[in-house]
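**Student:** Contents of work13.cif (mmCIF, C-alpha atoms) are below:
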```cif
data_structure
loop_
_atom_site.label_atom_id
_atom_site.label_comp_id
_atom_site.auth_asym_id
_atom_site.auth_seq_id
_atom_site.Cartn_x
_atom_site.Cartn_y
_atom_site.Cartn_z
CA MET A 1 5.94 -9.80 10.27
CA VAL A 2 3.04 -11.99 11.40
CA ALA A 3 0.88 -11.24 8.36
CA ILE A 4 3.65 -12.23 5.96
CA ALA A 5 4.59 -15.29 7.99
CA ILE A 6 1.01 -16.57 7.91
CA ALA A 7 0.73 -15.90 4.19
CA ALA A 8 3.96 -17.81 3.63
CA ARG A 9 2.50 -21.04 5.01
CA THR A 10 0.74 -21.61 1.72
CA LEU A 11 3.38 -21.61 -1.00
CA SER A 12 2.89 -21.38 -4.72
CA ALA A 13 2.23 -24.53 -6.67
CA ALA A 14 5.36 -23.74 -8.69
CA PRO A 15 8.45 -25.77 -7.73
CA ALA A 16 10.19 -24.34 -4.68
CA PRO A 17 13.39 -22.47 -5.51
CA GLN A 18 16.62 -24.18 -4.56
CA GLY A 19 18.51 -22.84 -1.58
CA ASP A 20 21.46 -21.72 -3.69
CA GLU A 21 19.11 -19.81 -6.01
CA LEU A 22 17.63 -17.88 -3.10
CA GLU A 23 21.08 -17.25 -1.69
CA ARG A 24 22.25 -15.88 -5.03
CA MET A 25 19.27 -13.49 -5.19
CA GLN A 26 19.95 -12.44 -1.60
CA GLU A 27 23.57 -11.71 -2.46
CA GLN A 28 22.54 -9.67 -5.49
CA LEU A 29 20.13 -7.59 -3.37
CA ALA A 30 22.98 -7.00 -0.92
CA ALA A 31 25.39 -5.72 -3.61
CA ALA A 32 26.86 -2.63 -1.98
CA GLY A 33 27.33 0.92 -3.14
CA PRO A 34 26.67 2.70 -6.42
CA ASP A 35 28.48 -0.02 -8.34
CA GLY A 36 25.95 -2.55 -7.09
CA LYS A 37 22.86 -0.56 -8.06
CA GLU A 38 22.36 -2.22 -11.44
CA VAL A 39 22.88 -5.68 -9.94
CA ARG A 40 20.27 -4.94 -7.29
CA GLU A 41 17.81 -3.59 -9.84
CA LEU A 42 18.13 -6.65 -12.07
CA ALA A 43 17.61 -8.90 -9.06
CA ILE A 44 14.52 -6.97 -7.99
CA ASP A 45 12.99 -7.18 -11.47
CA ARG A 46 13.74 -10.90 -11.63
CA ILE A 47 12.09 -11.48 -8.26
CA LEU A 48 8.99 -9.52 -9.28
CA GLN A 49 8.56 -11.84 -12.25
CA SER A 50 8.56 -14.94 -10.05
CA PRO A 51 5.29 -16.77 -9.25
CA ARG A 52 6.81 -18.10 -6.01
CA LEU A 53 5.84 -16.53 -2.72
CA GLN A 54 9.08 -17.69 -1.13
CA VAL A 55 11.06 -15.62 -3.64
CA HIS A 56 8.97 -12.48 -3.03
CA GLU A 57 9.70 -12.75 0.69
CA LEU A 58 13.22 -11.51 -0.13
CA LEU A 59 11.73 -8.17 -1.17
CA TYR A 60 9.23 -8.10 1.69
CA ARG A 61 12.16 -8.21 4.12
CA ARG A 62 14.03 -5.52 2.19
CA LEU A 63 11.05 -3.18 2.26
CA ARG A 64 10.88 -3.50 6.05
CA LEU A 65 14.55 -2.75 6.69
CA LEU A 66 15.24 0.54 8.45
CA ASP A 67 19.02 0.27 8.04
CA ASP A 68 19.23 0.87 4.29
CA PRO A 69 22.36 2.84 3.32
CA ASP A 70 22.11 1.84 -0.36
CA GLN A 71 18.43 2.80 -0.60
CA VAL A 72 17.33 -0.65 -1.69
CA ARG A 73 13.85 0.04 -0.31
CA LEU A 74 13.47 2.93 -2.73
CA GLN A 75 14.67 0.72 -5.58
CA VAL A 76 12.08 -1.92 -4.67
CA ALA A 77 9.26 0.62 -4.45
CA THR A 78 10.26 2.20 -7.77
CA SER A 79 10.42 -1.22 -9.44
CA LEU A 80 6.96 -1.98 -8.09
CA GLN A 81 5.70 1.17 -9.78
CA ARG A 82 6.89 -0.16 -13.14
CA HIS A 83 5.64 -3.66 -12.43
CA PHE A 84 2.13 -2.50 -11.56
CA LEU A 85 1.79 -0.59 -14.83
CA GLN A 86 1.17 -3.86 -16.66
CA PRO A 87 -2.17 -5.72 -16.57
CA ALA A 88 -2.85 -7.44 -13.24
CA THR A 89 -2.93 -10.80 -15.03
CA GLN A 90 0.79 -10.36 -15.68
CA TYR A 91 1.76 -9.52 -12.11
CA PHE A 92 4.31 -11.81 -10.45
CA GLY A 93 4.97 -14.02 -13.44
CA GLY A 94 1.28 -14.45 -14.24
CA VAL A 95 0.31 -16.18 -10.99
CA THR A 96 -3.47 -16.15 -10.55
CA GLY A 97 -6.27 -16.30 -7.99
CA ALA A 98 -5.52 -16.74 -4.32
CA GLU A 99 -1.78 -17.06 -4.94
CA ARG A 100 -1.63 -13.62 -6.57
CA GLU A 101 -3.61 -12.16 -3.67
CA ARG A 102 -1.16 -13.68 -1.17
CA VAL A 103 1.86 -12.24 -2.97
CA LEU A 104 0.17 -8.84 -3.29
CA ALA A 105 -0.84 -8.91 0.39
CA GLY A 106 2.80 -9.42 1.29
CA TYR A 107 3.82 -6.31 -0.62
CA LEU A 108 0.98 -4.30 0.89
CA ALA A 109 1.95 -5.35 4.42
CA ALA A 110 5.63 -4.58 3.82
CA ALA A 111 5.00 -1.26 2.07
CA ALA A 112 2.45 -0.16 4.69
CA ARG A 113 5.28 -0.19 7.24
CA CYS A 114 6.30 3.14 5.67
CA TRP A 115 3.19 4.72 7.20
CA ARG A 116 3.96 3.68 10.76
CA GLY A 117 4.12 6.53 13.24
CA ASP A 118 3.54 9.40 10.83
CA GLY A 119 -0.23 9.56 10.84
CA GLY A 120 -0.34 8.35 7.25
CA LEU A 121 0.58 11.67 5.70
CA ALA A 122 2.47 11.28 2.43
CA VAL A 123 3.02 14.89 1.41
CA GLU A 124 4.61 15.28 -2.03
CA ASP A 125 7.48 17.40 -0.71
CA GLY A 126 7.74 15.39 2.50
CA PRO A 127 10.84 13.73 3.92
CA ASP A 128 10.23 10.07 2.99
CA PRO A 129 10.84 9.20 -0.66
CA VAL A 130 10.24 5.49 0.03
CA GLN A 131 6.74 6.19 1.32
CA LYS A 132 5.97 8.37 -1.69
CA ALA A 133 7.27 5.73 -4.10
CA ALA A 134 5.36 2.96 -2.35
CA ARG A 135 2.22 5.08 -2.41
CA MET A 136 2.51 5.63 -6.16
CA ALA A 137 3.10 1.91 -6.72
CA LEU A 138 0.06 0.83 -4.71
CA MET A 139 -2.14 3.41 -6.40
CA ARG A 140 -1.45 1.62 -9.69
CA VAL A 141 -2.85 -1.70 -8.47
CA PRO A 142 -6.51 -2.27 -9.40
CA ALA A 143 -8.46 -1.07 -6.37
CA ARG A 144 -10.50 -4.25 -5.94
CA ASP A 145 -7.37 -6.40 -6.03
CA LEU A 146 -5.70 -4.26 -3.37
CA ASP A 147 -8.91 -4.24 -1.34
CA GLY A 148 -8.98 -8.04 -1.34
CA ALA A 149 -5.35 -8.14 -0.21
CA ALA A 150 -6.11 -5.69 2.60
CA ARG A 151 -9.06 -7.74 3.80
CA SER A 152 -6.93 -10.87 3.93
CA LEU A 153 -4.33 -9.00 6.01
CA PHE A 154 -6.96 -7.76 8.46
CA ALA A 155 -7.87 -11.40 9.10
CA THR A 156 -4.31 -12.39 10.06
CA ALA A 157 -2.19 -9.35 10.95
CA THR A 158 -1.17 -8.00 14.32
CA VAL A 159 -2.81 -4.83 15.62
CA GLU A 160 0.26 -2.77 14.70
CA GLU A 161 0.31 -4.17 11.16
CA GLN A 162 -3.40 -3.50 10.75
CA LEU A 163 -2.85 0.11 11.82
CA ASP A 164 -0.13 0.41 9.17
CA VAL A 165 -2.54 -0.85 6.51
CA LEU A 166 -5.31 1.49 7.67
CA ARG A 167 -3.02 4.51 7.37
CA CYS A 168 -1.79 3.32 3.99
CA LEU A 169 -5.26 2.71 2.55
CA ALA A 170 -6.41 6.13 3.74
CA ASP A 171 -3.62 7.73 1.74
CA LEU A 172 -4.33 5.99 -1.60
CA GLN A 173 -7.17 8.30 -2.70
CA GLN A 174 -9.60 5.46 -3.44
CA VAL A 175 -13.10 5.72 -1.93
CA LEU A 176 -13.63 1.97 -2.42
CA PHE A 177 -11.37 1.39 0.57
CA ALA A 178 -13.72 3.27 2.91
CA SER A 179 -15.92 0.23 3.46
CA THR A 180 -12.94 -1.96 4.29
CA ILE A 181 -11.58 0.62 6.72
CA ALA A 182 -15.02 1.01 8.31
CA GLU A 183 -15.07 -2.66 9.25
CA ARG A 184 -12.43 -1.85 11.87
CA LEU A 185 -14.77 0.64 13.56
CA ASP A 186 -16.14 -2.14 15.73
CA ALA A 187 -12.84 -3.95 16.32
CA ALA A 188 -12.24 -5.27 19.82
CA ASP A 189 -9.03 -3.25 20.16
CA GLU A 190 -9.55 0.44 20.91
CA SER A 191 -6.44 1.48 18.99
CA LEU A 192 -7.86 -0.18 15.88
CA ARG A 193 -11.18 1.62 16.32
CA GLU A 194 -9.35 4.93 16.71
CA GLY A 195 -7.11 4.08 13.74
CA ALA A 196 -10.16 3.38 11.59
CA ARG A 197 -11.77 6.69 12.60
CA ALA A 198 -8.58 8.58 11.75
CA ALA A 199 -8.20 6.74 8.44
CA LEU A 200 -11.78 7.48 7.42
CA GLN A 201 -11.31 11.13 8.29
CA ARG A 202 -8.20 11.23 6.15
CA LEU A 203 -9.90 9.49 3.21
CA THR A 204 -13.35 11.09 3.27
CA CYS A 205 -12.43 14.67 4.32
CA HIS A 206 -15.84 14.72 6.02
CA GLU A 207 -16.69 17.66 8.27
CA THR A 208 -18.00 15.34 10.99
CA PRO A 209 -15.77 12.48 12.17
CA ILE A 210 -17.22 9.06 11.34
CA ALA A 211 -17.23 7.47 14.78
CA ASP A 212 -19.10 4.20 14.28
CA LYS A 213 -20.75 1.90 11.76
CA ALA A 214 -24.07 3.77 11.90
CA ALA A 215 -22.35 7.05 11.07
CA PHE A 216 -20.46 5.36 8.25
CA THR A 217 -23.66 3.93 6.78
CA THR A 218 -25.17 7.42 6.78
CA TRP A 219 -22.08 8.86 5.09
CA TYR A 220 -21.88 6.03 2.55
CA GLN A 221 -25.50 6.40 1.47
CA GLN A 222 -24.77 9.96 0.42
CA TYR A 223 -21.13 9.91 -0.67
CA GLY A 224 -20.15 6.28 -1.24
CA THR A 225 -20.19 6.62 -5.03
CA TRP A 226 -18.24 9.90 -5.09
CA ARG A 227 -14.69 10.09 -6.39
CA TYR A 228 -11.91 11.07 -4.02
CA VAL A 229 -11.27 14.28 -5.96
CA ASP A 230 -14.92 15.25 -5.49
CA LEU A 231 -14.66 14.72 -1.72
CA VAL A 232 -11.53 16.87 -1.60
CA GLU A 233 -13.18 19.64 -3.60
CA ARG A 234 -16.26 19.50 -1.37
CA ALA A 235 -14.11 19.85 1.75
CA ALA A 236 -12.22 22.76 0.18
CA ARG A 237 -15.45 24.58 -0.71
CA ARG A 238 -16.92 24.05 2.74
CA GLY A 239 -13.71 25.12 4.44
CA THR A 240 -13.68 22.02 6.63
CA ARG A 241 -9.98 21.29 6.02
CA PRO A 242 -7.01 23.69 5.99
CA LEU A 243 -6.49 25.26 2.56
CA GLU A 244 -2.80 24.24 2.48
CA GLU A 245 -3.70 20.58 3.02
CA MET A 246 -6.33 20.69 0.28
CA GLN A 247 -3.82 22.26 -2.11
CA GLN A 248 -1.33 19.49 -1.32
CA ARG A 249 -3.93 16.83 -2.00
CA MET A 250 -4.96 18.36 -5.30
CA ALA A 251 -1.30 18.64 -6.30
CA ALA A 252 -0.85 14.97 -5.44
CA LEU A 253 -3.75 14.03 -7.69
CA GLN A 254 -2.26 16.01 -10.56
CA ILE A 255 1.17 14.43 -10.11
CA ALA A 256 -0.32 10.93 -9.93
CA ALA A 257 -2.27 11.52 -13.13
CA ALA A 258 0.81 12.85 -14.90
CA CYS A 259 2.92 9.88 -13.82
CA ASP A 260 0.32 7.41 -15.06
CA VAL A 261 0.28 9.11 -18.46
CA VAL A 262 4.06 8.87 -18.67
#
```
Go ahead and render the structure in this file as structure tokens.

**Tutor:**
Amino acid sequence: MVAIAIAARTLSAAPAPQGDELERMQEQLAAAGPDGKEVRELAIDRILQSPRLQVHELLYRRLRLLDDPDQVRLQVATSLQRHFLQPATQYFGGVTGAERERVLAGYLAAAARCWRGDGGLAVEDGPDPVQKAARMALMRVPARDLDGAARSLFATATVEEQLDVLRCLADLQQVLFASTIAERLDAADESLREGARAALQRLTCHETPIADKAAFTTWYQQYGTWRYVDLVERAARRGTRPLEEMQQRMAALQIAAACDVV
């Protein structure tokens, strides 16, 4: 919660929502049961169109809830998928610059909580539909925008939150994130250094673990411009990763491409 709390200190220049407006949105998100699904969905879409960080915090909190009998987290993640299909200039009611990055960072931090404790593995037939939906949503955000949001989180987040983001970034199939992950290789906290090594291994599929900045520089000089699919195919040809895992990754790429076409 620290990363979101720090981001919230700087609110949007738009007029702050009235307390009763926020309470009404909160009540709509809490509409119970199947009969409340449409009410919740309309509230989620309305919130996503707001330029106000304070309004988006309602969804940040929902994404972090573990007690979720009505599957509101899945609704939020699915709505984010639709929202991120439009041009980035239209995200969050058209908010721009640093404000858009702050709102996006809040969603990244909240969504990354789905990767906590599972090693960052989002297998397509796995048990967590919220993680899979959040993964698809984040993959639709322009990579440089998401990278900027991640960097801002690394400057403010707790160690546990940073580990969440590392696992999440490693699972988004975007080689651009390797440099951002590698910056944690020399973090003061050992768990962050280990988390960065594991995340790089997940993302790069390299036969030799990338243990430090020097090793990353060597890897980047040779493979930094490669696409993720090329790294996966290279690992499959060299037999450096289990065949079943490589097949799952290739299937994930095909599903992601098909969803984007739809």

**Student:** Considering only C-alpha atoms, can you say which of A:Cys205, A:Ala149, A:Met139, A:Leu53 comes closest to A:Arg238?

**Tutor:**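 Nearest candidate to A:Arg238 out of A:Cys205, A:Ala149, A:Met139, A:Leu53: A:Cys205.
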
**Student:** For a quick check of understanding, using all atoms listed in the file, which of A:Asp212, A:Asp20, A:Glu207, A:Asp171 has the smallest distance to A:Arg184?

**Tutor:**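 Closest to A:Arg184, using all atoms listed in the file: A:Asp212.
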
**Student:** Of the residues A:Val95, A:Ala77, A:Ala109, A:Leu169, which is the one nearest to A:Gln131, using only C-alpha atoms?

**Tutor:**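 Among the listed residues, the smallest separation from A:Gln131 belongs to A:Ala77.
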
**Student:** Under the rule that all atoms listed in the file are counted, which of A:Arg135, A:Arg140, A:Arg227, A:His206 is the nearest residue to A:Ala112?

**Tutor:**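 Going through A:Arg135, A:Arg140, A:Arg227, A:His206 one by one, the smallest distance to A:Ala112 is for A:Arg135.
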
**Student:** So what do you get for atom CA of A:Val39 versus atom CA of A:Arg113, distance-wise?

**Tutor:**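 Rounded to one decimal, the two atoms are 25.2 Å apart.
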
**Student:** A:Pro51, A:Pro129, A:Ile210, A:Gln71: which is nearest A:Glu99, counting only C-alpha atoms?

**Tutor:**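 Among the listed residues, A:Pro51 lies closest to A:Glu99.
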
**Student:** Counting all atoms listed in the file, figure out which residue out of A:Ala105, A:Val76, A:Leu63, A:Cys168 gets nearest to A:Leu153.

**Tutor:**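 For A:Leu153, the nearest of the given residues is A:Ala105.
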
**Student:** Padding of 6 Å on every side, edges along x, y and z, all listed atoms of stretch 78-83 of chain A included: what centre and edge lengths in Å, to one decimal, does that box have, as AutoDock Vina command-line options?

**Tutor:**
```
--center_x 8.0 --center_y -0.7 --center_z -10.5 --size_x 16.8 --size_y 17.9 --size_z 17.4
```

**Student:** To verify the selection step, state as a PyMOL selection string which residues the PyMOL selection byres ((chain A and resi 37) around 12) yields on this input.

**Tutor:** chain A and resi 28-36+38-44+69-76

**Student:** Write the residues you've just listed into a file as an mmCIF file, in the coordinates of the input, and include C-alpha atoms for each of them.

**Tutor:**
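Once written, again-v8.cif looks like this:
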```cif
data_model
loop_
_atom_site.group_PDB
_atom_site.id
_atom_site.type_symbol
_atom_site.label_atom_id
_atom_site.label_comp_id
_atom_site.auth_asym_id
_atom_site.auth_seq_id
_atom_site.Cartn_x
_atom_site.Cartn_y
_atom_site.Cartn_z
ATOM 1 C CA GLN A 28 22.540 -9.670 -5.490
ATOM 2 C CA LEU A 29 20.130 -7.590 -3.370
ATOM 3 C CA ALA A 30 22.980 -7.000 -0.920
ATOM 4 C CA ALA A 31 25.390 -5.720 -3.610
ATOM 5 C CA ALA A 32 26.860 -2.630 -1.980
ATOM 6 C CA GLY A 33 27.330 0.920 -3.140
ATOM 7 C CA PRO A 34 26.670 2.700 -6.420
ATOM 8 C CA ASP A 35 28.480 -0.020 -8.340
ATOM 9 C CA GLY A 36 25.950 -2.550 -7.090
ATOM 10 C CA GLU A 38 22.360 -2.220 -11.440
ATOM 11 C CA VAL A 39 22.880 -5.680 -9.940
ATOM 12 C CA ARG A 40 20.270 -4.940 -7.290
ATOM 13 C CA GLU A 41 17.810 -3.590 -9.840
ATOM 14 C CA LEU A 42 18.130 -6.650 -12.070
ATOM 15 C CA ALA A 43 17.610 -8.900 -9.060
ATOM 16 C CA ILE A 44 14.520 -6.970 -7.990
ATOM 17 C CA PRO A 69 22.360 2.840 3.320
ATOM 18 C CA ASP A 70 22.110 1.840 -0.360
ATOM 19 C CA GLN A 71 18.430 2.800 -0.600
ATOM 20 C CA VAL A 72 17.330 -0.650 -1.690
ATOM 21 C CA ARG A 73 13.850 0.040 -0.310
ATOM 22 C CA LEU A 74 13.470 2.930 -2.730
ATOM 23 C CA GLN A 75 14.670 0.720 -5.580
ATOM 24 C CA VAL A 76 12.080 -1.920 -4.670
#
```

**Student:** Quick check on the file I pasted: which residues fall under the PyMOL selection byres ((chain A and resi 150) around 12)? Write them as a PDB file with C-alpha atoms, in the frame of the given file.

**Tutor:**
```
ATOM      1  CA  ALA A   3       0.880 -11.240   8.360  1.00  0.00           C
ATOM      2  CA  GLU A 101      -3.610 -12.160  -3.670  1.00  0.00           C
ATOM      3  CA  ARG A 102      -1.160 -13.680  -1.170  1.00  0.00           C
ATOM      4  CA  VAL A 103       1.860 -12.240  -2.970  1.00  0.00           C
ATOM      5  CA  LEU A 104       0.170  -8.840  -3.290  1.00  0.00           C
ATOM      6  CA  ALA A 105      -0.840  -8.910   0.390  1.00  0.00           C
ATOM      7  CA  GLY A 106       2.800  -9.420   1.290  1.00  0.00           C
ATOM      8  CA  TYR A 107       3.820  -6.310  -0.620  1.00  0.00           C
ATOM      9  CA  LEU A 108       0.980  -4.300   0.890  1.00  0.00           C
ATOM     10  CA  ALA A 109       1.950  -5.350   4.420  1.00  0.00           C
ATOM     11  CA  ALA A 110       5.630  -4.580   3.820  1.00  0.00           C
ATOM     12  CA  ALA A 111       5.000  -1.260   2.070  1.00  0.00           C
ATOM     13  CA  ALA A 112       2.450  -0.160   4.690  1.00  0.00           C
ATOM     14  CA  LEU A 138       0.060   0.830  -4.710  1.00  0.00           C
ATOM     15  CA  ALA A 143      -8.460  -1.070  -6.370  1.00  0.00           C
ATOM     16  CA  ARG A 144     -10.500  -4.250  -5.940  1.00  0.00           C
ATOM     17  CA  ASP A 145      -7.370  -6.400  -6.030  1.00  0.00           C
ATOM     18  CA  LEU A 146      -5.700  -4.260  -3.370  1.00  0.00           C
ATOM     19  CA  ASP A 147      -8.910  -4.240  -1.340  1.00  0.00           C
ATOM     20  CA  GLY A 148      -8.980  -8.040  -1.340  1.00  0.00           C
ATOM     21  CA  ALA A 149      -5.350  -8.140  -0.210  1.00  0.00           C
ATOM     22  CA  ARG A 151      -9.060  -7.740   3.800  1.00  0.00           C
ATOM     23  CA  SER A 152      -6.930 -10.870   3.930  1.00  0.00           C
ATOM     24  CA  LEU A 153      -4.330  -9.000   6.010  1.00  0.00           C
ATOM     25  CA  PHE A 154      -6.960  -7.760   8.460  1.00  0.00           C
ATOM     26  CA  ALA A 155      -7.870 -11.400   9.100  1.00  0.00           C
ATOM     27  CA  THR A 156      -4.310 -12.390  10.060  1.00  0.00           C
ATOM     28  CA  ALA A 157      -2.190  -9.350  10.950  1.00  0.00           C
ATOM     29  CA  GLU A 161       0.310  -4.170  11.160  1.00  0.00           C
ATOM     30  CA  GLN A 162      -3.400  -3.500  10.750  1.00  0.00           C
ATOM     31  CA  LEU A 163      -2.850   0.110  11.820  1.00  0.00           C
ATOM     32  CA  ASP A 164      -0.130   0.410   9.170  1.00  0.00           C
ATOM     33  CA  VAL A 165      -2.540  -0.850   6.510  1.00  0.00           C
ATOM     34  CA  LEU A 166      -5.310   1.490   7.670  1.00  0.00           C
ATOM     35  CA  ARG A 167      -3.020   4.510   7.370  1.00  0.00           C
ATOM     36  CA  CYS A 168      -1.790   3.320   3.990  1.00  0.00           C
ATOM     37  CA  LEU A 169      -5.260   2.710   2.550  1.00  0.00           C
ATOM     38  CA  ALA A 170      -6.410   6.130   3.740  1.00  0.00           C
ATOM     39  CA  LEU A 176     -13.630   1.970  -2.420  1.00  0.00           C
ATOM     40  CA  PHE A 177     -11.370   1.390   0.570  1.00  0.00           C
ATOM     41  CA  ALA A 178     -13.720   3.270   2.910  1.00  0.00           C
ATOM     42  CA  SER A 179     -15.920   0.230   3.460  1.00  0.00           C
ATOM     43  CA  THR A 180     -12.940  -1.960   4.290  1.00  0.00           C
ATOM     44  CA  ILE A 181     -11.580   0.620   6.720  1.00  0.00           C
ATOM     45  CA  GLU A 183     -15.070  -2.660   9.250  1.00  0.00           C
ATOM     46  CA  ARG A 184     -12.430  -1.850  11.870  1.00  0.00           C
TER      47      ARG A 184
END
```

**Student:** Between atom CA of A:Leu200 and atom CA of A:Val130, what distance in Å does the model show, to one decimal?

**Tutor:**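 Pair atom CA of A:Leu200 / atom CA of A:Val130 returns 23.3 Å.
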
**Student:** Atom CA of A:Val159 and atom CA of A:Asp189, how far apart in Å?

**Tutor:**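 Interatomic distance, atom CA of A:Asp189 to atom CA of A:Val159: 7.9 Å.
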
**Student:** Run the PyMOL selection byres ((chain A and resi 197) around 8) on the file and write out the hits as a VMD selection string.

**Tutor:** chain A and resid 182 185 193 to 196 198 to 201 209 to 212

**Student:** Near A:Leu22, counting only C-alpha atoms, which residues have an atom at most 12 Å away, once you skip same-chain residues fewer than 2 positions from it, shown as a compact mmCIF listing (two decimals) with C-alpha atoms, in the frame of the given file?

**Tutor:**
```txt
# COMPACT_ATOMS: atom_id res chain seq x y z
CA ALA A 16 10.19 -24.34 -4.68
CA PRO A 17 13.39 -22.47 -5.51
CA GLN A 18 16.62 -24.18 -4.56
CA GLY A 19 18.51 -22.84 -1.58
CA ASP A 20 21.46 -21.72 -3.69
CA ARG A 24 22.25 -15.88 -5.03
CA MET A 25 19.27 -13.49 -5.19
CA GLN A 26 19.95 -12.44 -1.60
CA GLU A 27 23.57 -11.71 -2.46
CA GLN A 28 22.54 -9.67 -5.49
CA LEU A 29 20.13 -7.59 -3.37
CA ALA A 43 17.61 -8.90 -9.06
CA ARG A 46 13.74 -10.90 -11.63
CA ILE A 47 12.09 -11.48 -8.26
CA SER A 50 8.56 -14.94 -10.05
CA ARG A 52 6.81 -18.10 -6.01
CA LEU A 53 5.84 -16.53 -2.72
CA GLN A 54 9.08 -17.69 -1.13
CA VAL A 55 11.06 -15.62 -3.64
CA HIS A 56 8.97 -12.48 -3.03
CA GLU A 57 9.70 -12.75 0.69
CA LEU A 58 13.22 -11.51 -0.13
CA LEU A 59 11.73 -8.17 -1.17
```
